[in-house]
Amino acid sequence: MRSPAAGAAKNPPASSLARRVLMPARGLLLLLCLPWLVALAGCGGHAEAIKPAAVELPLIKAEVVNVQPRSWPTIVRAQGSLIADEVTIVGAKVGGRIKDIAVDLGDTVAEGAKLATLEQDEFRLQVMLADAQLLQSRAALGMKPTDPVESLSPEMAPPVREARAVLDDARARVERLRQIRVRNAVTQDELDTAASAEGVADARYAAALNGVREKIALIGVRSAELSVAQQRLDDTTIHAPFGGFVQERHVAQGSFVQAGDAIATLVRSGKLRFRGTMPERHAQRLALGQQVTLSIDSLPAPLVVSITRISPSVDEMSRSLLFEAEVPNEGGHLRTGLFAEAQVVIDAAAQSIVVPPSAIIEFAGAEKVWKVVAGQAKEQVVQTARRGADGIEIIRGLAAGDVILKNGGQGRLAKVEPTFPAQPPPAVPVATEPPDSTGGEGGGAEAGEDPPPPVTAPIPHTTRRPIER
């Protein structure tokens with residue numbers, strides 16, 4: 001058996017092994033730090049802290065842009081469809097059976113063109129009946145078919161003349177009896193009888209006059225009935241109320257229709273309407289006559305039109321304002337229902353800070369520019385809004401008078417020797433704003449303000465001298 005002491009001598013404790021390993025490492029560290037300790041001791045213990053040597057920044061020559069507000073019209077994008085200027089469902093004014101139909105889907109019709117015809121035999125008989133009743137009423141007054149009713153005086157009608165003659169005779173008899181009654185040639189009873197006969201004749205005259213007037217009125221009734229019958233006969237032929245295209249045909253030959261039933265649907269396509277919506281935040285800035293640029297997939301170039309109608313109220317569900325713009329369509333090359341995207345210029349005089357697209361660099365989802373400050377290029381995070389063909393609007397991160405590198409790809413931490421490009425006349429951008437974007441005008445100047453004058457003198461830069469060791 002082994003003794004415990006022998007085992008302990010053969011397997012020393014772990015703490016003893018650790019001290020044996022660390023002692024050589026400490027000696028090596030002391031040897032490495034000895035020169036530094038000697039240097040510090042040679043300085044008498046009063047040496048100052050050693051400063052790192054300054055790094056000399058490289059110098060780059062780059063083209064820079066002096067940021068200034070410029071004309072940047074406020075443009076809002078809207079979506080909508082082209083609708084017909086007029087759409088109507090042409091119906092039958094009278095009931096009957098379709099005799100023939102003259103149009104079909106897609107046909108072009110002129111104003112007043114025949115669309116369909118109903119069977120007319122029954123309506124012709126009604127016209128004949130009304131005409132015969134009118135002739136009967138005229139004959140009762142002794143009028144010819146061609147005599148105008150206005151030329152007939154009720155006092156000149158035969159029944160009235162007859163009653164007038166009887167009345168005149170009764171009045172003359174009464175007058176004669178009164179003259180001879182003075183000489184007692186007639187009795188009072190005979191005079192009273194004659195006076196009564198005069199009253200009866202007067203009443204018969206008034207009745208005859210009223211009867212003639214009634215018959216004249218009846219002639220007017222019969223004339224109106226004849227006109228109604230003739231109109232119903234004319235209504236059996238259905239005409240187009242305006243020129244356009246047949247969008248749908250609802251009946252066929254032999255169909256029976258009631259008054260008001262649909263015959264065909266017509267659309268007027270000489271001009272169309274673009275109907276779109278404007279977000280509520282821009283509703284107060286929408287006005288008649290504002291320019292609208294329409295982009296339609298089937299057309300190679302956009303159409304420029306103007307707003308012609310604006311709804312008086314904002315839709316409570318979508319919180320948007322409905323507007324319309326007339327679209328010329330003389331050749332009929334556009335169809336109703338086409339989808340269109342509109343760019344509405346709601347403020348043509350607006351200004352904003354705009355930088356060239358080449359100045360923007362994107363990294364890790366952030367947009368940056370290289371800003372020149374005190375002659376050195378530094379990164380500057382910016383927030384962009386609308387984008388155009390020759391510029392990008394900046395709404396946060398830059399201010400008027402800032403200088404940035406025109407080409408962001410050249411940017412790095414360096415001193416900059418700036419060069420300024422020639423100043424071309426500003427062009428009106430073609431920019432769009434998403435319908436749901438919330439930032440589009442925050443970075444620009446107020447509309448109507450004059451932009452500050454461009455800087456023509458180069459911005460001086462400073463050169464740092466390296467620290468002497």
# chains A, B, ... in the order shown; residues from 1 in each chain; ligands from 1

$ residues_around --residues "range 298-312 of chain A" --least-positions-apart "5" --cutoff "6 Å" --atoms "only C-alpha atoms" --output "MDAnalysis selection string"
chainID A and resid 288:293 322:325

$ write_last_selection --atoms "N, CA and C atoms" --output "mmCIF file, in the first residue's frame"
data_model
loop_
_atom_site.group_PDB
_atom_site.id
_atom_site.type_symbol
_atom_site.label_atom_id
_atom_site.label_comp_id
_atom_site.auth_asym_id
_atom_site.auth_seq_id
_atom_site.Cartn_x
_atom_site.Cartn_y
_atom_site.Cartn_z
ATOM 1 N N LEU A 288 -60.804 74.716 -59.647
ATOM 2 C CA LEU A 288 -61.125 74.545 -61.062
ATOM 3 C C LEU A 288 -60.013 75.118 -61.930
ATOM 4 N N GLY A 289 -59.718 74.428 -63.022
ATOM 5 C CA GLY A 289 -58.702 74.894 -63.947
ATOM 6 C C GLY A 289 -57.303 74.398 -63.668
ATOM 7 N N GLN A 290 -57.080 73.713 -62.533
ATOM 8 C CA GLN A 290 -55.742 73.200 -62.241
ATOM 9 C C GLN A 290 -55.353 72.116 -63.245
ATOM 10 N N GLN A 291 -54.080 72.087 -63.571
ATOM 11 C CA GLN A 291 -53.586 71.170 -64.595
ATOM 12 C C GLN A 291 -53.502 69.744 -64.059
ATOM 13 N N VAL A 292 -53.895 68.806 -64.905
ATOM 14 C CA VAL A 292 -53.866 67.381 -64.569
ATOM 15 C C VAL A 292 -53.170 66.645 -65.708
ATOM 16 N N THR A 293 -52.179 65.838 -65.376
ATOM 17 C CA THR A 293 -51.477 65.012 -66.356
ATOM 18 C C THR A 293 -51.916 63.566 -66.158
ATOM 19 N N LEU A 322 -64.010 64.155 -54.459
ATOM 20 C CA LEU A 322 -64.178 63.705 -55.837
ATOM 21 C C LEU A 322 -64.032 64.891 -56.785
ATOM 22 N N PHE A 323 -63.317 64.686 -57.894
ATOM 23 C CA PHE A 323 -63.180 65.730 -58.914
ATOM 24 C C PHE A 323 -63.205 65.076 -60.288
ATOM 25 N N GLU A 324 -63.459 65.909 -61.313
ATOM 26 C CA GLU A 324 -63.513 65.424 -62.685
ATOM 27 C C GLU A 324 -62.735 66.370 -63.597
ATOM 28 N N ALA A 325 -62.220 65.794 -64.679
ATOM 29 C CA ALA A 325 -61.529 66.562 -65.709
ATOM 30 C C ALA A 325 -61.989 66.045 -67.067
#

$ residues_around --residues "Leu338 in chain A" --least-positions-apart "2" --cutoff "8 Å" --atoms "only C-alpha atoms" --output "list in words"
Ser81, Leu82, Ile83, Ile296, Leu334, Arg335, Thr336 and Ala340 of chain A

$ closest_residue --among "A:Ala62, A:Val67, A:Ile216, A:Val149" --to "Leu398 in chain A" --atoms "only C-alpha atoms"
A:Val67

$ closest_residue --among "A:Leu152, A:Val76, A:Ala389, A:Leu405" --to "Val345 in chain A" --atoms "only C-alpha atoms"
A:Val76

$ closest_residue --among "A:Gln230, A:Asn329, A:Gln383, A:Ser352" --to "Ala400 in chain A" --atoms "only C-alpha atoms"
A:Ser352

$ select_by_dssp --residues "range 223-395 of chain A" --states "strand (DSSP E or B)" --output "PyMOL selection string"
chain A and resi 237-239+244-249+256-257+262-279+291-295+303-315+320-328+339-347+351-355+361-363+366-373+376-387+392-395

$ closest_residue --among "A:Glu198, A:Glu326, A:Asp315, A:Glu367" --to "Ala172 in chain A" --atoms "only C-alpha atoms"
A:Glu198

$ residues_around --residues "range 357-365 of chain A" --least-positions-apart "3" --cutoff "8 Å" --atoms "only C-alpha atoms" --output "VMD selection string"
chain A and resid 368 to 370 390 to 392 404 to 409

$ closest_atom_pairs --of "range 69-97 of chain A" --to "range 240-248 of chain A" --cutoff "10 Å" --atoms "only C-alpha atoms" --output "Markdown table"
| residue | atom | partner | partner_atom | distance |
| --- | --- | --- | --- | --- |
| A:Glu86 | CA | A:Gly244 | CA | 9.1 |
| A:Val87 | CA | A:Gln247 | CA | 9.0 |
| A:Thr88 | CA | A:Pro241 | CA | 8.8 |
| A:Ile89 | CA | A:Glu248 | CA | 9.0 |
| A:Val90 | CA | A:Ala240 | CA | 7.5 |

$ write_last_selection --atoms "N, CA and C atoms" --output "tab-separated table (two decimals), in the first residue's frame"
chain	number	residue	atom	x	y	z
A	86	GLU	N	-71.85	61.11	-71.15
A	86	GLU	CA	-73.27	60.84	-70.93
A	86	GLU	C	-73.53	59.36	-71.17
A	87	VAL	N	-74.29	58.75	-70.29
A	87	VAL	CA	-74.75	57.36	-70.46
A	87	VAL	C	-76.25	57.36	-70.22
A	88	THR	N	-77.01	56.80	-71.18
A	88	THR	CA	-78.45	56.77	-71.04
A	88	THR	C	-78.98	55.42	-71.50
A	89	ILE	N	-80.02	54.97	-70.82
A	89	ILE	CA	-80.74	53.76	-71.22
A	89	ILE	C	-81.99	54.23	-71.94
A	90	VAL	N	-82.04	54.04	-73.23
A	90	VAL	CA	-83.17	54.48	-74.05
A	90	VAL	C	-84.29	53.47	-73.90

$ residues_around --residues "His250 in chain A" --least-positions-apart "2" --cutoff "12 Å" --atoms "only C-alpha atoms" --output "list in words"
Ile89, Val90, Gly91, Ala92, Ile98, Ile101, Val103, Asp104, Leu105, Leu115, Ala116, Val246, Gln247, Glu248, Ala252, Gln253, Ser255, Phe256, Val257, Asp261, Ala262, Ile263, Ala264, Thr265 and Leu266 of chain A

$ residues_around --residues "Asp234 in chain A" --least-positions-apart "4" --cutoff "10 Å" --atoms "only C-alpha atoms" --output "PyMOL selection string"
chain A and resi 93-94+117-118+120+123-124+228-230+238

$ select_by_dssp --residues "range 229-456 of chain A" --states "alpha helix (DSSP H)" --output "VMD selection string"
chain A and resid 229 to 235

$ atom_distance --atom1 "CA of Met143 in chain A" --atom2 "CA of Glu214 in chain A"
14.6 Å

$ decode --residues "range 262-378 of chain A" --atoms "C-alpha atoms" --output "PDB file, in the first residue's frame"
ATOM      1  CA  ALA A 262     -85.040  49.402 -71.870  1.00  0.00           C
ATOM      2  CA  ILE A 263     -84.297  49.136 -75.570  1.00  0.00           C
ATOM      3  CA  ALA A 264     -80.571  50.013 -75.755  1.00  0.00           C
ATOM      4  CA  THR A 265     -77.832  51.726 -73.717  1.00  0.00           C
ATOM      5  CA  LEU A 266     -76.035  54.616 -75.423  1.00  0.00           C
ATOM      6  CA  VAL A 267     -72.811  56.350 -74.401  1.00  0.00           C
ATOM      7  CA  ARG A 268     -71.560  59.679 -75.639  1.00  0.00           C
ATOM      8  CA  SER A 269     -67.838  59.310 -76.312  1.00  0.00           C
ATOM      9  CA  GLY A 270     -67.011  62.568 -78.091  1.00  0.00           C
ATOM     10  CA  LYS A 271     -65.479  63.574 -74.790  1.00  0.00           C
ATOM     11  CA  LEU A 272     -64.810  61.569 -71.648  1.00  0.00           C
ATOM     12  CA  ARG A 273     -64.417  62.447 -68.000  1.00  0.00           C
ATOM     13  CA  PHE A 274     -61.583  61.436 -65.726  1.00  0.00           C
ATOM     14  CA  ARG A 275     -63.022  60.905 -62.261  1.00  0.00           C
ATOM     15  CA  GLY A 276     -60.551  60.713 -59.390  1.00  0.00           C
ATOM     16  CA  THR A 277     -60.259  61.479 -55.701  1.00  0.00           C
ATOM     17  CA  MET A 278     -58.042  63.884 -53.773  1.00  0.00           C
ATOM     18  CA  PRO A 279     -56.934  63.184 -50.164  1.00  0.00           C
ATOM     19  CA  GLU A 280     -58.662  65.286 -47.551  1.00  0.00           C
ATOM     20  CA  ARG A 281     -55.493  67.154 -46.561  1.00  0.00           C
ATOM     21  CA  HIS A 282     -55.293  68.618 -50.096  1.00  0.00           C
ATOM     22  CA  ALA A 283     -59.031  69.188 -50.572  1.00  0.00           C
ATOM     23  CA  GLN A 284     -58.916  72.912 -49.786  1.00  0.00           C
ATOM     24  CA  ARG A 285     -56.125  73.460 -52.325  1.00  0.00           C
ATOM     25  CA  LEU A 286     -58.021  71.885 -55.211  1.00  0.00           C
ATOM     26  CA  ALA A 287     -59.512  74.415 -57.647  1.00  0.00           C
ATOM     27  CA  LEU A 288     -61.125  74.545 -61.062  1.00  0.00           C
ATOM     28  CA  GLY A 289     -58.702  74.894 -63.947  1.00  0.00           C
ATOM     29  CA  GLN A 290     -55.742  73.200 -62.241  1.00  0.00           C
ATOM     30  CA  GLN A 291     -53.586  71.170 -64.595  1.00  0.00           C
ATOM     31  CA  VAL A 292     -53.866  67.381 -64.569  1.00  0.00           C
ATOM     32  CA  THR A 293     -51.477  65.012 -66.356  1.00  0.00           C
ATOM     33  CA  LEU A 294     -53.078  61.652 -67.130  1.00  0.00           C
ATOM     34  CA  SER A 295     -51.030  58.512 -67.725  1.00  0.00           C
ATOM     35  CA  ILE A 296     -52.906  55.701 -69.478  1.00  0.00           C
ATOM     36  CA  ASP A 297     -51.238  52.392 -70.216  1.00  0.00           C
ATOM     37  CA  SER A 298     -52.637  52.145 -73.727  1.00  0.00           C
ATOM     38  CA  LEU A 299     -51.321  55.579 -74.763  1.00  0.00           C
ATOM     39  CA  PRO A 300     -47.662  56.259 -75.569  1.00  0.00           C
ATOM     40  CA  ALA A 301     -47.749  59.801 -74.173  1.00  0.00           C
ATOM     41  CA  PRO A 302     -49.602  61.368 -71.238  1.00  0.00           C
ATOM     42  CA  LEU A 303     -52.596  63.667 -71.690  1.00  0.00           C
ATOM     43  CA  VAL A 304     -52.706  67.157 -70.183  1.00  0.00           C
ATOM     44  CA  VAL A 305     -56.205  68.294 -69.175  1.00  0.00           C
ATOM     45  CA  SER A 306     -57.770  70.629 -66.616  1.00  0.00           C
ATOM     46  CA  ILE A 307     -60.140  70.147 -63.698  1.00  0.00           C
ATOM     47  CA  THR A 308     -63.707  71.048 -64.691  1.00  0.00           C
ATOM     48  CA  ARG A 309     -65.830  69.802 -61.775  1.00  0.00           C
ATOM     49  CA  ILE A 310     -65.292  69.423 -58.009  1.00  0.00           C
ATOM     50  CA  SER A 311     -67.651  67.726 -55.589  1.00  0.00           C
ATOM     51  CA  PRO A 312     -69.086  70.073 -52.936  1.00  0.00           C
ATOM     52  CA  SER A 313     -68.491  67.596 -50.101  1.00  0.00           C
ATOM     53  CA  VAL A 314     -65.817  65.191 -48.851  1.00  0.00           C
ATOM     54  CA  ASP A 315     -66.747  61.522 -48.745  1.00  0.00           C
ATOM     55  CA  GLU A 316     -67.019  60.503 -45.090  1.00  0.00           C
ATOM     56  CA  MET A 317     -65.963  56.911 -45.695  1.00  0.00           C
ATOM     57  CA  SER A 318     -62.802  57.442 -47.768  1.00  0.00           C
ATOM     58  CA  ARG A 319     -62.058  60.988 -46.487  1.00  0.00           C
ATOM     59  CA  SER A 320     -61.395  62.120 -50.044  1.00  0.00           C
ATOM     60  CA  LEU A 321     -62.787  64.716 -52.442  1.00  0.00           C
ATOM     61  CA  LEU A 322     -64.178  63.705 -55.837  1.00  0.00           C
ATOM     62  CA  PHE A 323     -63.180  65.730 -58.914  1.00  0.00           C
ATOM     63  CA  GLU A 324     -63.513  65.424 -62.685  1.00  0.00           C
ATOM     64  CA  ALA A 325     -61.529  66.562 -65.709  1.00  0.00           C
ATOM     65  CA  GLU A 326     -62.790  66.561 -69.302  1.00  0.00           C
ATOM     66  CA  VAL A 327     -60.754  64.439 -71.727  1.00  0.00           C
ATOM     67  CA  PRO A 328     -61.174  65.134 -75.483  1.00  0.00           C
ATOM     68  CA  ASN A 329     -61.996  62.021 -77.484  1.00  0.00           C
ATOM     69  CA  GLU A 330     -62.972  63.232 -80.922  1.00  0.00           C
ATOM     70  CA  GLY A 331     -61.615  60.185 -82.724  1.00  0.00           C
ATOM     71  CA  GLY A 332     -63.097  57.749 -80.246  1.00  0.00           C
ATOM     72  CA  HIS A 333     -59.703  56.125 -79.583  1.00  0.00           C
ATOM     73  CA  LEU A 334     -60.303  56.094 -75.818  1.00  0.00           C
ATOM     74  CA  ARG A 335     -62.772  53.733 -74.193  1.00  0.00           C
ATOM     75  CA  THR A 336     -64.827  54.237 -71.082  1.00  0.00           C
ATOM     76  CA  GLY A 337     -63.637  52.400 -67.999  1.00  0.00           C
ATOM     77  CA  LEU A 338     -59.903  52.774 -68.725  1.00  0.00           C
ATOM     78  CA  PHE A 339     -57.721  53.114 -65.636  1.00  0.00           C
ATOM     79  CA  ALA A 340     -55.679  56.317 -65.460  1.00  0.00           C
ATOM     80  CA  GLU A 341     -53.151  57.793 -63.053  1.00  0.00           C
ATOM     81  CA  ALA A 342     -53.303  61.542 -62.586  1.00  0.00           C
ATOM     82  CA  GLN A 343     -50.734  64.047 -61.416  1.00  0.00           C
ATOM     83  CA  VAL A 344     -52.512  67.165 -60.175  1.00  0.00           C
ATOM     84  CA  VAL A 345     -50.518  70.389 -59.855  1.00  0.00           C
ATOM     85  CA  ILE A 346     -52.138  71.976 -56.795  1.00  0.00           C
ATOM     86  CA  ASP A 347     -49.461  74.658 -56.230  1.00  0.00           C
ATOM     87  CA  ALA A 348     -47.449  75.664 -59.275  1.00  0.00           C
ATOM     88  CA  ALA A 349     -45.531  78.381 -57.360  1.00  0.00           C
ATOM     89  CA  ALA A 350     -44.250  76.160 -54.536  1.00  0.00           C
ATOM     90  CA  GLN A 351     -40.517  76.017 -53.770  1.00  0.00           C
ATOM     91  CA  SER A 352     -38.416  73.441 -51.986  1.00  0.00           C
ATOM     92  CA  ILE A 353     -34.830  72.284 -51.459  1.00  0.00           C
ATOM     93  CA  VAL A 354     -33.907  69.946 -54.293  1.00  0.00           C
ATOM     94  CA  VAL A 355     -30.610  68.135 -54.817  1.00  0.00           C
ATOM     95  CA  PRO A 356     -29.349  66.163 -57.822  1.00  0.00           C
ATOM     96  CA  PRO A 357     -30.141  62.445 -57.728  1.00  0.00           C
ATOM     97  CA  SER A 358     -26.427  61.662 -57.915  1.00  0.00           C
ATOM     98  CA  ALA A 359     -25.863  63.375 -54.556  1.00  0.00           C
ATOM     99  CA  ILE A 360     -27.994  60.860 -52.652  1.00  0.00           C
ATOM    100  CA  ILE A 361     -26.400  57.655 -51.418  1.00  0.00           C
ATOM    101  CA  GLU A 362     -28.285  54.854 -49.686  1.00  0.00           C
ATOM    102  CA  PHE A 363     -26.803  52.572 -47.075  1.00  0.00           C
ATOM    103  CA  ALA A 364     -28.575  50.219 -44.679  1.00  0.00           C
ATOM    104  CA  GLY A 365     -31.924  51.807 -45.433  1.00  0.00           C
ATOM    105  CA  ALA A 366     -30.723  55.368 -44.714  1.00  0.00           C
ATOM    106  CA  GLU A 367     -30.313  58.145 -47.278  1.00  0.00           C
ATOM    107  CA  LYS A 368     -27.290  60.395 -46.916  1.00  0.00           C
ATOM    108  CA  VAL A 369     -25.375  63.149 -48.646  1.00  0.00           C
ATOM    109  CA  TRP A 370     -21.808  64.358 -48.208  1.00  0.00           C
ATOM    110  CA  LYS A 371     -21.918  67.832 -46.716  1.00  0.00           C
ATOM    111  CA  VAL A 372     -18.912  70.148 -46.901  1.00  0.00           C
ATOM    112  CA  VAL A 373     -18.310  71.795 -43.504  1.00  0.00           C
ATOM    113  CA  ALA A 374     -15.194  73.909 -42.870  1.00  0.00           C
ATOM    114  CA  GLY A 375     -13.572  72.467 -45.971  1.00  0.00           C
ATOM    115  CA  GLN A 376     -14.119  68.845 -44.964  1.00  0.00           C
ATOM    116  CA  ALA A 377     -16.650  66.298 -46.233  1.00  0.00           C
ATOM    117  CA  LYS A 378     -18.949  64.798 -43.625  1.00  0.00           C
TER     118      LYS A 378
END
